[in-house]
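A.B. asks: Below you'll find the structure I mean.
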Amino acid sequence: MFTFKRILLFALFLSTSFAFIHAAEDITIVVSTADNSLVFKVDKDKKLRQSYYGNTLKNEDLKEIQSGTIDAYPTFGTSYLNEAALRVVHADGNTSTELVYDSYSTRKISDDVEQTEIVLKDAYFPLVVKLNFKAFLKENVIEQWTEISHTEKKAVTLYNFASSQLTFNQQNYYLTQFYGNWAEEMKMEEVKLTRGLKVIDSKLGVRATGYAHPCFLLSLNDKVQEDAGNVIGGTLAWSGSWNMTFEVDQLENLHVISGINPYASQYSLKPKTVFKTPSFLYTFSSKGSGAVSRNFHSWAKQYGIYRGDRTRTTLLNNWEATYFNFNENVLTGIIKDAADMGFELFLLDDGWFGEKYPRDDDKAGLGDWMVNRKKLPNGLGYLVNESSKNKIKFGIWLEPEMVNPKSELYEKHPDWVITQPNRPLDLVRNQLILDLSNPKVQEHVYSVIDKTLTDNPGIAYIKWDCNRIITNSGSFYESPETQSHLWIDYVNGLYSVMKRVREKYKDVSMMLCSGGGGRIEYGSLPYFDEFWISDNTDALDRIYIQWGTTYFFPAMALASHVSVTPNHITGRTTPLKFRFDVAMSAKLGMDLQPKDMSAEDKEFSKKAIQEYYKIRGVVQFGDMYRLLSPYTSTRTALMYVTENKKEAVVFSYLLKKTISGNTQPLILKGLDSEKMYTLTEIDKDPKSYSWFSPLEGKTFSGEFLMKYGIRFTLYNEYDSKIIKLTAN
Ligand code: DGJ
């Protein structure tokens, strides 16, 4: 039986709990870009839930969103069913963490950038987790990272420390992952996610990529399409080991957790210090993967790579031309030829240094950054001068983080390398890694670059290489208790060196290289103008490698070099025009000995380079559209369109001979349907009959070109065409 008192108490309970629910459900946090909304709600238990991510929602509709039940940043101890973003063992040994919402704030950083910080606190321990978001409005990109700190009595140990979790609630999920190996980077494969956990990760320590790239496309409901469908693109800005988990749960929700690889990397966090995760970058489009790529490209040009508004220079690199076998005469000859062909910079690669142990192959000398006077009696300054006499710039190769055991540096500082005591040295490419968790080593690595640049004024470009991965992961600098910190402290040490170099040498261009494309990620790219995506310069293989890469990284920064045939890695022979046409679709360069070219090939190259200058602005600053994929079509094609839609360039390649001719139309994209465009073929091969000729100089409307397209036949394996469109 209800007594009056009981009814009163019950009414009181209802009113307070309703008031509480109401108050809590009032908290809706929206991270918005021009076309996307990422919505968080705080539920009645003060739990932060990610409630929506997709096309922009109207303000008045936000109240209709249900909070959902999935934690925005799940923790071990209270979210048991699925993967945890955060796992902490507290100072008193407690293994659980329960985060509740505390507060949030937003601030405008510029007209284009808004930052949101959501503060979560453990319900019992003095542990704070800040989820940070930078929303890039025009570019529709969100950058998310997490900061963890505490004031417990002693250090806590972090076992999982993700940058972010995103959740989705759809019928089907298709994941495109990017994978590869040395010389076959950035291949793509789409898989349907099924119940359970799919992990993509890397444990290489000093580089992000190698066998897997920290990038993915996630298509909701249907397989990924280029110009339609809901697609999310994500990539982690971190130059070390990383991990991304895709977990379809018991209710068909998908949880995507991204961050540093927690594998063997537990981190002891002292009170009042902040553990900051790297940024996870992501974008959503309901117009397919093409729009996802364009979002990343325009974001990268403004925020993600160094000076993304500057035209990238063409260069000739002597690596495939000479390898270690050169002298001053040989290089002076290459410099003259490079200038004569029209290149803007000569890049001197590996092998120019080492006194006691000359770097004549990859077995010795790495770490001893003094000029090898036998090869270069007049030093680097002479080559800088020779370049400037020939009106081109000079660049230099460095691998400042590494050392050969056969070097003066190793003899002096054997305790600077990463290795486990009482184990044999584990060499990869005959070299070891300098331990950048050690501030003294950071100082040394910085001074290598600083000294090379100050001793040789006029060096305009650095190729920064990194040719091995961490094994034997012991540090003489870290204490026995913090050995597992090495994986994280190394990368942060590396960034502090890169930052210092950038602060002092603002005008020096830098290429990011790591045994080919081992470091293609947005952790390092803010310090670098461009990157070397692969040691494989075979034009056919490059079509695939570059195709995959440009889902996340803009062509302006993608160095692509014409080299000799048969190709040094694949042995394949392809026409010079094909090699140029592939390299011209990104940032053109060359990697061969000009002396070995026929006069005819040299003449062709001279013209091709001049042709590249005519389209360089469109390729480097235009919007990229994929027309025909090499994965599904024998003829592959892509194009670039300037922002004002007045110019465009189309690249098309035939991958296999087609006996009766490949007539596949190129249905163009991104043009102004009202504008009239005149078609001109670029980089023509004077020797071969062009099936494009009937269209040469003809004018068509953008609408026609985007509906009917350009139609011409290609017959032979490695036939290629570059077509420039100019609006009248
Ligand atoms: C690996 C790079 O990818 C190559 O381009 C070249 O620079 C070599 N290292 C030099 O050792």
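Each chain in the structure tokens gets a letter, A, B and so on, in the order shown; residues start at 1 in every chain, and ligands are counted from 1 in the order they appear.
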Quick one: residues within 9 Å of Asp340 in chain A, only C-alpha atoms counted, chain neighbours fewer than 5 positions away excluded, as an mmCIF file with all heavy atoms, in the first residue's frame?

C.D. replies:
```
data_model
loop_
_atom_site.group_PDB
_atom_site.id
_atom_site.type_symbol
_atom_site.label_atom_id
_atom_site.label_comp_id
_atom_site.auth_asym_id
_atom_site.auth_seq_id
_atom_site.Cartn_x
_atom_site.Cartn_y
_atom_site.Cartn_z
ATOM 1 N N ILE A 335 75.272 17.639 -63.535
ATOM 2 C CA ILE A 335 74.702 18.967 -63.236
ATOM 3 C C ILE A 335 74.483 19.738 -64.549
ATOM 4 O O ILE A 335 73.415 20.310 -64.782
ATOM 5 C CB ILE A 335 75.623 19.756 -62.267
ATOM 6 C CG1 ILE A 335 75.567 19.119 -60.870
ATOM 7 C CG2 ILE A 335 75.260 21.233 -62.228
ATOM 8 C CD1 ILE A 335 76.580 19.640 -59.874
ATOM 9 N N ASN A 390 75.360 26.905 -63.460
ATOM 10 C CA ASN A 390 74.458 26.359 -64.491
ATOM 11 C C ASN A 390 72.998 26.753 -64.262
ATOM 12 O O ASN A 390 72.087 26.202 -64.875
ATOM 13 C CB ASN A 390 74.580 24.840 -64.523
ATOM 14 C CG ASN A 390 75.856 24.392 -65.206
ATOM 15 O OD1 ASN A 390 75.950 24.418 -66.425
ATOM 16 N ND2 ASN A 390 76.853 24.040 -64.418
ATOM 17 N N LYS A 606 63.927 17.071 -73.000
ATOM 18 C CA LYS A 606 63.964 18.540 -72.909
ATOM 19 C C LYS A 606 62.577 19.126 -73.156
ATOM 20 O O LYS A 606 62.092 19.970 -72.422
ATOM 21 C CB LYS A 606 64.878 19.062 -74.029
ATOM 22 C CG LYS A 606 66.203 19.565 -73.583
ATOM 23 C CD LYS A 606 66.884 20.138 -74.795
ATOM 24 C CE LYS A 606 68.231 20.673 -74.412
ATOM 25 N NZ LYS A 606 68.980 21.177 -75.547
#
```

A.B. asks: Per residue of chain A within 9 Å of ligand 1, note the shortest atom pair and the distance in Å to one decimal, counting only C-alpha atoms and all ligand atoms, and order the rows by chain and increasing residue number, as JSON lines.

C.D. replies:
```
{"residue": "A:Asn317", "atom": "CA", "partner": "ligand 1", "partner_atom_place_in_ligand_line": "5 (O)", "distance": 8.6}
{"residue": "A:Trp319", "atom": "CA", "partner": "ligand 1", "partner_atom_place_in_ligand_line": "6 (C)", "distance": 6.0}
{"residue": "A:Glu320", "atom": "CA", "partner": "ligand 1", "partner_atom_place_in_ligand_line": "5 (O)", "distance": 8.0}
{"residue": "A:Tyr323", "atom": "CA", "partner": "ligand 1", "partner_atom_place_in_ligand_line": "10 (C)", "distance": 7.6}
{"residue": "A:Phe324", "atom": "CA", "partner": "ligand 1", "partner_atom_place_in_ligand_line": "11 (O)", "distance": 8.5}
{"residue": "A:Asp349", "atom": "CA", "partner": "ligand 1", "partner_atom_place_in_ligand_line": "7 (O)", "distance": 5.7}
{"residue": "A:Asp350", "atom": "CA", "partner": "ligand 1", "partner_atom_place_in_ligand_line": "10 (C)", "distance": 4.8}
{"residue": "A:Gly351", "atom": "CA", "partner": "ligand 1", "partner_atom_place_in_ligand_line": "11 (O)", "distance": 7.7}
{"residue": "A:Asp361", "atom": "CA", "partner": "ligand 1", "partner_atom_place_in_ligand_line": "11 (O)", "distance": 8.7}
{"residue": "A:Asp362", "atom": "CA", "partner": "ligand 1", "partner_atom_place_in_ligand_line": "11 (O)", "distance": 7.0}
{"residue": "A:Trp397", "atom": "CA", "partner": "ligand 1", "partner_atom_place_in_ligand_line": "7 (O)", "distance": 6.8}
{"residue": "A:Leu398", "atom": "CA", "partner": "ligand 1", "partner_atom_place_in_ligand_line": "7 (O)", "distance": 8.5}
{"residue": "A:Glu399", "atom": "CA", "partner": "ligand 1", "partner_atom_place_in_ligand_line": "11 (O)", "distance": 8.3}
{"residue": "A:Lys463", "atom": "CA", "partner": "ligand 1", "partner_atom_place_in_ligand_line": "7 (O)", "distance": 7.5}
{"residue": "A:Trp464", "atom": "CA", "partner": "ligand 1", "partner_atom_place_in_ligand_line": "7 (O)", "distance": 8.4}
{"residue": "A:Asp465", "atom": "CA", "partner": "ligand 1", "partner_atom_place_in_ligand_line": "9 (N)", "distance": 6.3}
{"residue": "A:Cys466", "atom": "CA", "partner": "ligand 1", "partner_atom_place_in_ligand_line": "1 (C)", "distance": 7.4}
{"residue": "A:Asn467", "atom": "CA", "partner": "ligand 1", "partner_atom_place_in_ligand_line": "1 (C)", "distance": 6.2}
{"residue": "A:Cys513", "atom": "CA", "partner": "ligand 1", "partner_atom_place_in_ligand_line": "3 (O)", "distance": 5.9}
{"residue": "A:Ser514", "atom": "CA", "partner": "ligand 1", "partner_atom_place_in_ligand_line": "3 (O)", "distance": 5.7}
{"residue": "A:Gly515", "atom": "CA", "partner": "ligand 1", "partner_atom_place_in_ligand_line": "3 (O)", "distance": 3.8}
{"residue": "A:Gly516", "atom": "CA", "partner": "ligand 1", "partner_atom_place_in_ligand_line": "3 (O)", "distance": 3.8}
{"residue": "A:Gly517", "atom": "CA", "partner": "ligand 1", "partner_atom_place_in_ligand_line": "3 (O)", "distance": 7.3}
{"residue": "A:Gly518", "atom": "CA", "partner": "ligand 1", "partner_atom_place_in_ligand_line": "3 (O)", "distance": 8.7}
{"residue": "A:Trp532", "atom": "CA", "partner": "ligand 1", "partner_atom_place_in_ligand_line": "3 (O)", "distance": 6.9}
{"residue": "A:Ile533", "atom": "CA", "partner": "ligand 1", "partner_atom_place_in_ligand_line": "3 (O)", "distance": 8.2}
{"residue": "A:Ser534", "atom": "CA", "partner": "ligand 1", "partner_atom_place_in_ligand_line": "3 (O)", "distance": 6.5}
{"residue": "A:Asp535", "atom": "CA", "partner": "ligand 1", "partner_atom_place_in_ligand_line": "3 (O)", "distance": 5.0}
{"residue": "A:Asn536", "atom": "CA", "partner": "ligand 1", "partner_atom_place_in_ligand_line": "3 (O)", "distance": 8.8}
```

A.B. asks: For the selection just defined, write its residues with C-alpha atoms to a file, as a CSV table (one decimal), in the first residue's frame.

C.D. replies:
```csv
chain,number,residue,atom,x,y,z
A,317,ASN,CA,68.7,12.8,-58.7
A,319,TRP,CA,70.8,7.7,-57.3
A,320,GLU,CA,69.9,5.4,-60.1
A,323,TYR,CA,74.5,4.8,-57.0
A,324,PHE,CA,77.7,5.1,-54.9
A,349,ASP,CA,72.2,11.2,-53.2
A,350,ASP,CA,74.0,8.7,-50.9
A,351,GLY,CA,77.8,8.2,-51.0
A,361,ASP,CA,78.7,1.1,-50.6
A,362,ASP,CA,76.0,0.7,-47.8
A,397,TRP,CA,70.9,13.4,-49.3
A,398,LEU,CA,71.2,12.8,-45.6
A,399,GLU,CA,70.2,9.9,-43.3
A,463,LYS,CA,66.4,14.4,-49.1
A,464,TRP,CA,66.0,13.0,-45.5
A,465,ASP,CA,66.2,9.2,-45.7
A,466,CYS,CA,65.6,6.5,-43.1
A,467,ASN,CA,66.5,3.0,-44.2
A,513,CYS,CA,62.1,9.5,-47.8
A,514,SER,CA,62.3,6.2,-46.0
A,515,GLY,CA,63.7,3.4,-48.1
A,516,GLY,CA,61.1,4.4,-50.6
A,517,GLY,CA,57.7,5.3,-49.0
A,518,GLY,CA,58.2,4.3,-45.4
A,532,TRP,CA,59.5,9.8,-52.1
A,533,ILE,CA,56.8,7.2,-52.3
A,534,SER,CA,58.7,4.3,-53.7
A,535,ASP,CA,62.2,3.1,-54.9
A,536,ASN,CA,60.2,1.5,-57.7
```

A.B. asks: Measuring between only C-alpha atoms, which one of A:Asp426, A:Val141, A:Arg207, A:Asp360 shows the shortest distance to Gly304 in chain A?

C.D. replies: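 Of A:Asp426, A:Val141, A:Arg207, A:Asp360, the one nearest Gly304 in chain A is A:Val141, counting only C-alpha atoms.
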
A.B. asks: Could you pull the residues within 8 Å of Lys393 in chain A, counting only C-alpha atoms, minus those fewer than 3 positions along the same chain, as a list in words?

C.D. replies: Glu344, Leu345, Phe346, Val384, Ser387, Ser388, Gly458, Ile459 and Ala460 of chain A

A.B. asks: Using the selection just defined, write its residues with C-alpha atoms as an mmCIF file, in the first residue's frame.

C.D. replies:
```
data_model
loop_
_atom_site.group_PDB
_atom_site.id
_atom_site.type_symbol
_atom_site.label_atom_id
_atom_site.label_comp_id
_atom_site.auth_asym_id
_atom_site.auth_seq_id
_atom_site.Cartn_x
_atom_site.Cartn_y
_atom_site.Cartn_z
ATOM 1 C CA GLU A 344 65.606 23.246 -61.703
ATOM 2 C CA LEU A 345 67.672 21.332 -59.150
ATOM 3 C CA PHE A 346 70.344 18.661 -58.938
ATOM 4 C CA VAL A 384 76.812 24.110 -55.081
ATOM 5 C CA SER A 387 74.966 24.170 -59.927
ATOM 6 C CA SER A 388 74.522 27.873 -59.521
ATOM 7 C CA GLY A 458 73.464 27.605 -50.957
ATOM 8 C CA ILE A 459 72.185 24.070 -50.358
ATOM 9 C CA ALA A 460 68.545 24.457 -51.288
#
```

A.B. asks: Got a sec: who's within 10 Å of Gly308 in chain A, counting only C-alpha atoms, leaving out chain neighbours fewer than 4 positions off, as a tab-separated table (two decimals) with N, CA and C atoms, in the first residue's frame?

C.D. replies:
```
chain	number	residue	atom	x	y	z
A	297	HIS	N	43.35	16.54	-49.95
A	297	HIS	CA	44.32	17.32	-50.73
A	297	HIS	C	44.25	18.80	-50.36
A	298	SER	N	43.03	19.33	-50.31
A	298	SER	CA	42.98	20.77	-50.05
A	298	SER	C	43.37	21.06	-48.59
A	299	TRP	N	43.06	20.13	-47.68
A	299	TRP	CA	43.53	20.31	-46.30
A	299	TRP	C	45.07	20.28	-46.27
A	300	ALA	N	45.66	19.29	-46.96
A	300	ALA	CA	47.13	19.13	-46.92
A	300	ALA	C	47.82	20.37	-47.47
A	301	LYS	N	47.30	20.90	-48.56
A	301	LYS	CA	47.96	22.06	-49.17
A	301	LYS	C	47.93	23.27	-48.24
A	302	GLN	N	46.91	23.35	-47.42
A	302	GLN	CA	46.83	24.49	-46.48
A	302	GLN	C	47.48	24.21	-45.14
A	303	TYR	N	47.35	22.97	-44.66
A	303	TYR	CA	47.74	22.71	-43.26
A	303	TYR	C	48.68	21.52	-43.08
A	304	GLY	N	48.66	20.58	-44.00
A	304	GLY	CA	49.28	19.28	-43.73
A	304	GLY	C	50.70	19.10	-44.22
A	312	ARG	N	56.37	23.30	-56.55
A	312	ARG	CA	57.46	22.35	-56.31
A	312	ARG	C	58.38	22.30	-57.52
A	526	PRO	N	54.25	17.98	-42.12
A	526	PRO	CA	54.22	19.43	-41.88
A	526	PRO	C	55.61	20.07	-41.98
A	528	PHE	N	57.94	18.88	-44.25
A	528	PHE	CA	58.50	18.49	-45.55
A	528	PHE	C	57.67	19.02	-46.71
A	529	ASP	N	58.39	19.36	-47.79
A	529	ASP	CA	57.72	19.88	-48.98
A	529	ASP	C	57.18	18.76	-49.85
A	530	GLU	N	57.88	17.62	-49.83
A	530	GLU	CA	57.47	16.54	-50.72
A	530	GLU	C	57.96	15.20	-50.19
A	554	PRO	N	48.43	14.76	-51.66
A	554	PRO	CA	48.29	15.46	-52.94
A	554	PRO	C	49.47	15.22	-53.88
A	556	MET	N	51.01	17.18	-55.71
A	556	MET	CA	52.04	18.23	-55.72
A	556	MET	C	53.27	17.81	-54.92
A	557	ALA	N	53.08	16.94	-53.92
A	557	ALA	CA	54.17	16.55	-53.03
A	557	ALA	C	54.71	15.16	-53.37
A	620	GLN	N	49.81	20.60	-59.79
A	620	GLN	CA	50.20	20.79	-58.38
A	620	GLN	C	49.12	21.49	-57.55
A	621	PHE	N	48.30	22.32	-58.20
A	621	PHE	CA	47.32	23.07	-57.40
A	621	PHE	C	45.87	22.78	-57.76
```

A.B. asks: Could you pull out the strand (DSSP E or B) residues of range 185-261 of chain A, going by DSSP on the backbone, and write them as a ChimeraX atom specification?

C.D. replies: /A:187-192,196-202,212-220,229,231-237,242-248,253-260

A.B. asks: Between A:Ser96, A:Thr549, A:Asn169, A:Asn438, single out the one closest to Asn253 in chain A, counting only C-alpha atoms.

C.D. replies: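 Closest candidate: A:Asn169.
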
A.B. asks: With DSSP run on the backbone, what are the helix (DSSP H, G or I) residues within range 153-347 of chain A? I'd like them as a PDB file with C-alpha atoms, in the first residue's frame.

C.D. replies:
```
ATOM      1  CA  GLY A 288      32.238   8.942 -52.696  1.00  0.00           C
ATOM      2  CA  SER A 289      35.977   8.488 -52.322  1.00  0.00           C
ATOM      3  CA  GLY A 290      36.829  11.139 -54.924  1.00  0.00           C
ATOM      4  CA  ALA A 291      35.490  13.876 -52.671  1.00  0.00           C
ATOM      5  CA  VAL A 292      37.259  12.302 -49.672  1.00  0.00           C
ATOM      6  CA  SER A 293      40.568  12.594 -51.558  1.00  0.00           C
ATOM      7  CA  ARG A 294      39.928  16.172 -52.616  1.00  0.00           C
ATOM      8  CA  ASN A 295      39.135  17.058 -48.998  1.00  0.00           C
ATOM      9  CA  PHE A 296      42.470  15.626 -47.869  1.00  0.00           C
ATOM     10  CA  HIS A 297      44.324  17.324 -50.726  1.00  0.00           C
ATOM     11  CA  SER A 298      42.978  20.772 -50.048  1.00  0.00           C
ATOM     12  CA  TRP A 299      43.531  20.306 -46.303  1.00  0.00           C
ATOM     13  CA  ALA A 300      47.125  19.132 -46.916  1.00  0.00           C
ATOM     14  CA  LYS A 301      47.964  22.059 -49.167  1.00  0.00           C
ATOM     15  CA  GLN A 302      46.831  24.489 -46.484  1.00  0.00           C
ATOM     16  CA  TYR A 303      47.741  22.714 -43.264  1.00  0.00           C
ATOM     17  CA  GLY A 304      49.284  19.284 -43.731  1.00  0.00           C
ATOM     18  CA  TRP A 319      70.835   7.723 -57.254  1.00  0.00           C
ATOM     19  CA  GLU A 320      69.861   5.434 -60.111  1.00  0.00           C
ATOM     20  CA  ALA A 321      72.393   7.253 -62.330  1.00  0.00           C
ATOM     21  CA  THR A 322      75.497   6.386 -60.322  1.00  0.00           C
ATOM     22  CA  GLU A 328      83.393  15.350 -58.953  1.00  0.00           C
ATOM     23  CA  ASN A 329      83.729  15.041 -62.722  1.00  0.00           C
ATOM     24  CA  VAL A 330      80.805  12.710 -63.086  1.00  0.00           C
ATOM     25  CA  LEU A 331      78.611  14.924 -60.936  1.00  0.00           C
ATOM     26  CA  THR A 332      79.654  18.117 -62.711  1.00  0.00           C
ATOM     27  CA  GLY A 333      78.674  16.454 -65.975  1.00  0.00           C
ATOM     28  CA  ILE A 334      75.261  15.454 -64.582  1.00  0.00           C
ATOM     29  CA  ILE A 335      74.702  18.967 -63.236  1.00  0.00           C
ATOM     30  CA  LYS A 336      75.369  20.437 -66.704  1.00  0.00           C
ATOM     31  CA  ASP A 337      73.107  17.916 -68.394  1.00  0.00           C
ATOM     32  CA  ALA A 338      70.355  18.427 -65.818  1.00  0.00           C
ATOM     33  CA  ALA A 339      70.473  22.168 -66.384  1.00  0.00           C
ATOM     34  CA  ASP A 340      70.623  21.727 -70.131  1.00  0.00           C
ATOM     35  CA  MET A 341      67.544  19.508 -70.088  1.00  0.00           C
TER      36      MET A 341
END
```

A.B. asks: Would you mind telling me which residue in A:Met370, A:Val89, A:Ile65, A:Val445 lies nearest to Glu401 in chain A when using only C-alpha atoms?

C.D. replies: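 The answer is A:Val445, which sits nearest to Glu401 in chain A.
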
A.B. asks: Taking only C-alpha atoms into account, name the residue in A:Gln177, A:Thr151, A:Thr678, A:Thr157 that is nearest to Thr273 in chain A.

C.D. replies: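 For Thr273 in chain A, the nearest of the given residues is A:Thr151.
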
A.B. asks: Within 12 Å of range 411-423 of chain A, counting only C-alpha atoms, which residues show up once you throw out same-chain ones fewer than 3 positions away? Write them as a PyMOL selection string, please.

C.D. replies: chain A and resi 205-206+356-357+365-368+401-408+426-427+431-445+468-478+480+483+486-487+490

A.B. asks: Excluding same-chain residues fewer than 6 positions from Glu647 in chain A, what lies within 7 Å of it counting only C-alpha atoms, as an NGL selection string?

C.D. replies: :A and (618 or 641 or 725-727)

A.B. asks: Could you write out the selected residues, including N, CA and C atoms, as an mmCIF file, in the first residue's frame?

C.D. replies:
```
data_model
loop_
_atom_site.group_PDB
_atom_site.id
_atom_site.type_symbol
_atom_site.label_atom_id
_atom_site.label_comp_id
_atom_site.auth_asym_id
_atom_site.auth_seq_id
_atom_site.Cartn_x
_atom_site.Cartn_y
_atom_site.Cartn_z
ATOM 1 N N VAL A 618 48.499 23.336 -62.893
ATOM 2 C CA VAL A 618 47.221 22.598 -62.836
ATOM 3 C C VAL A 618 47.405 21.310 -62.020
ATOM 4 N N VAL A 641 41.789 19.782 -62.365
ATOM 5 C CA VAL A 641 41.056 20.968 -62.814
ATOM 6 C C VAL A 641 41.399 22.118 -61.870
ATOM 7 N N LEU A 725 43.158 21.045 -71.409
ATOM 8 C CA LEU A 725 41.907 21.721 -71.745
ATOM 9 C C LEU A 725 42.018 23.177 -71.310
ATOM 10 N N THR A 726 41.701 24.060 -72.216
ATOM 11 C CA THR A 726 41.771 25.474 -71.870
ATOM 12 C C THR A 726 40.421 26.114 -72.165
ATOM 13 N N ALA A 727 39.854 26.780 -71.170
ATOM 14 C CA ALA A 727 38.545 27.416 -71.373
ATOM 15 C C ALA A 727 38.734 28.704 -72.182
#
```

A.B. asks: Any idea what the distance is between CA of Phe553 in chain A and CA of Tyr677 in chain A?

C.D. replies: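 Interatomic distance here is 28.2 Å.
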
A.B. asks: Could you jot down the CA of Asp489 in chain A to CA of Phe275 in chain A separation for me, Å, one decimal place?

C.D. replies: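 The value is 11.2 Å.
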
A.B. asks: I'd like the contact shell of range 575-579 of chain A - 9 Å cut-off, only C-alpha atoms, skipping same-chain residues fewer than 5 positions apart - returned as a PyMOL selection string.

C.D. replies: chain A and resi 537-540+561-565+584+601+604-605+608+653+683-685+718-721

A.B. asks: Mind pulling up the distance from CA of Ala183 in chain A to CA of Met590 in chain A?

C.D. replies: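 Taking CA of Met590 in chain A and CA of Ala183 in chain A, their separation equals 17.1 Å.
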
A.B. asks: Which one of A:Lys595, A:Lys698, A:Lys724, A:Lys41 sits closest to Ile615 in chain A if you count only C-alpha atoms?

C.D. replies: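 Among the listed residues, the smallest separation from Ile615 in chain A belongs to A:Lys724.
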
A.B. asks: With distances taken over only C-alpha atoms, which of A:Phe692, A:Trp547, A:Phe700, A:Tyr306 is nearest to Leu628 in chain A?

C.D. replies: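 Of the candidates, the smallest distance to Leu628 in chain A is held by A:Trp547.
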